[in-house]
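Note sheet for the following structure.
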Amino acid sequence: MPEKPSESEFLRLGGLDIFRKVAPGILEQLHRRSQRKTLQKGELLFNLGDPSDAFYVIASGRIRIWTVSAAGVEVTLNVQVAGAVFGEIGMLDGSVRTAGASAMAPTELISISRKSFFDALDQDPQLARNVIDLLCRRLRWTTARVEDAVLRPAAQRLARILAHLAQDHSRPTPRGREITIKLTQGELAQWTAMSRESLNKLLNRWIDDGVVFQEKGVLTICKPDLLAELAECSE
């Protein structure tokens, strides 16, 4: 029988944007009907084209959202960490998954079914407004990623991804902004639509120039202002 998240764990989700200002009774109702799911590193949650009947909140761990190119190569679209919501598109329209999702580390998820969520939507208009906000942010993000893939050279794509990670997923250190998401070069190459060889060459050049520092697979942005310039200007 599927395990339910604890009440305290679920109520902490009230701080997430999608549940912002939602009535406590609605949160409690969603808690009663939610389920916990555990994934091991590398485990597939759902595949491109799978049926959609739920969306997910990451309680802990990391999820990679990916698609498959015309050449049959997996391309990373995004990396989601604790507190992120994903899988809402297919859940809302009842169609198939538009992307795949896999665990990049041991991950705990809270799943909320389509029926449970729609029941809550019918009772609280604030939840509907929050969903609209979420979808608008998702559309802006997707548009930016399409622009990166179609219009920007590889160096600029990498700089923009690293700048995003430095802004949203980093911590300050004496050396600079240390990225807290540990990505292999293969994973970073997938995310930026580069070959590992091209990515390694570019990273080494930026390491030599003092823009970034790498140790044991952890990247630190040493010159964020220069990286921001690289993100806005093609080389």
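By order of appearance in the structure tokens: chains A, B, ..., then residues from 1 within every chain, and ligands from 1 in the order shown.
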Set the distance at 9 Å and use only C-alpha atoms: which residues neighbour Leu203 (chain A) once local chain neighbours fewer than 4 positions away are removed? I'd like the list as a list in words.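 That gives Ser198, Leu199, Ile207, Asp208, Val212 and Gln214 of chain A.
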Selected residues written out with N, CA, C and O atoms, as a short mmCIF file (atom, residue, chain, number, x, y, z; two decimals), in the first residue's frame:
```cif
data_model
loop_
_atom_site.label_atom_id
_atom_site.label_comp_id
_atom_site.auth_asym_id
_atom_site.auth_seq_id
_atom_site.Cartn_x
_atom_site.Cartn_y
_atom_site.Cartn_z
N SER A 198 33.37 19.10 -26.31
CA SER A 198 33.27 20.56 -26.46
C SER A 198 33.09 21.23 -25.11
O SER A 198 33.69 22.27 -24.82
N LEU A 199 32.26 20.62 -24.26
CA LEU A 199 32.03 21.18 -22.94
C LEU A 199 33.30 21.16 -22.10
O LEU A 199 33.64 22.16 -21.45
N ILE A 207 38.32 27.75 -16.71
CA ILE A 207 39.10 27.49 -15.49
C ILE A 207 40.45 28.20 -15.58
O ILE A 207 40.90 28.84 -14.63
N ASP A 208 41.10 28.10 -16.73
CA ASP A 208 42.38 28.78 -16.94
C ASP A 208 42.24 30.29 -16.81
O ASP A 208 43.15 30.97 -16.33
N VAL A 212 35.72 30.07 -13.60
CA VAL A 212 35.16 29.01 -12.76
C VAL A 212 36.29 28.20 -12.15
O VAL A 212 37.44 28.24 -12.61
N GLN A 214 36.86 24.13 -10.51
CA GLN A 214 36.24 22.82 -10.39
C GLN A 214 37.10 21.91 -9.53
O GLN A 214 38.32 21.81 -9.74
#
```
Name the residues of region 110-190 of chain A that fall into helix (DSSP H, G or I) according to DSSP on the backbone, using the chain letters and numbers of this document, as a ChimeraX atom specification. /A:114-123,125-151,154-168,185-190
List every residue of region 108-218 of chain A that DSSP, applied to the backbone, labels as strand (DSSP E), and write the result as number ranges by chain. A: 108-113, 170-173, 176-179, 212-215, 218
Return as CSV the residues of region 178-225 of chain A lying at most 8 Å from region 143-162 of chain A, together with the closest atom-to-atom pair for each and the distance in Å to one decimal, counting only C-alpha atoms, with rows in chain order and ascending residue number.
```
residue,atom,partner,partner_atom,distance
A:Thr192,CA,A:Leu158,CA,5.8
A:Ala193,CA,A:Ala149,CA,7.4
A:Met194,CA,A:Ala154,CA,6.7
A:Leu202,CA,A:Ala155,CA,7.2
A:Ile221,CA,A:Leu162,CA,8.0
```
Using only C-alpha atoms, which residue out of A:Leu230, A:Ala103, A:Asn130, A:Glu187 lies closest to Trp206 (chain A)?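 Among the listed residues, A:Leu230 lies closest to Trp206 (chain A).
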Any idea what's packed within 8 Å of Asp124 (chain A), counting only C-alpha atoms, ignoring anything in its chain fewer than 6 positions away? Could you give it as a list in words?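 So the residues in contact are Val22, Ala23 and Ile26 of chain A.
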Can you spit out the residues from that selection as a PDB file, in the first residue's frame, using N, CA and C atoms?
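File selection29.pdb, as written:
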```
ATOM      1  N   VAL A  22      -3.561  29.203  -0.113  1.00  0.00           N
ATOM      2  CA  VAL A  22      -4.633  28.206  -0.215  1.00  0.00           C
ATOM      3  C   VAL A  22      -5.158  27.910   1.187  1.00  0.00           C
ATOM      4  N   ALA A  23      -6.461  27.742   1.315  1.00  0.00           N
ATOM      5  CA  ALA A  23      -7.084  27.516   2.618  1.00  0.00           C
ATOM      6  C   ALA A  23      -6.493  26.282   3.295  1.00  0.00           C
ATOM      7  N   ILE A  26      -8.084  22.970   2.568  1.00  0.00           N
ATOM      8  CA  ILE A  26      -7.788  22.395   1.250  1.00  0.00           C
ATOM      9  C   ILE A  26      -6.446  21.673   1.287  1.00  0.00           C
TER      10      ILE A  26
END
```
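What separates CA of Phe86 (chain A) from CA of Arg196 (chain A) is a distance of 27.4 Å.
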Pairwise distance, CA of Ala99 (chain A) with CA of Cys136 (chain A), equals 18.0 Å
Would you mind telling me which residue in A:Thr184, A:Gln80, A:Ser195, A:Gln29 lies nearest to Ile63 (chain A) when using only C-alpha atoms? A:Gln80
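Minimum atom-to-atom distances from A:Glu229, A:Ser111, A:Gln190, A:Lys182 to Arg32 (chain A) were compared using only C-alpha atoms, and the lowest value belongs to A:Ser111.
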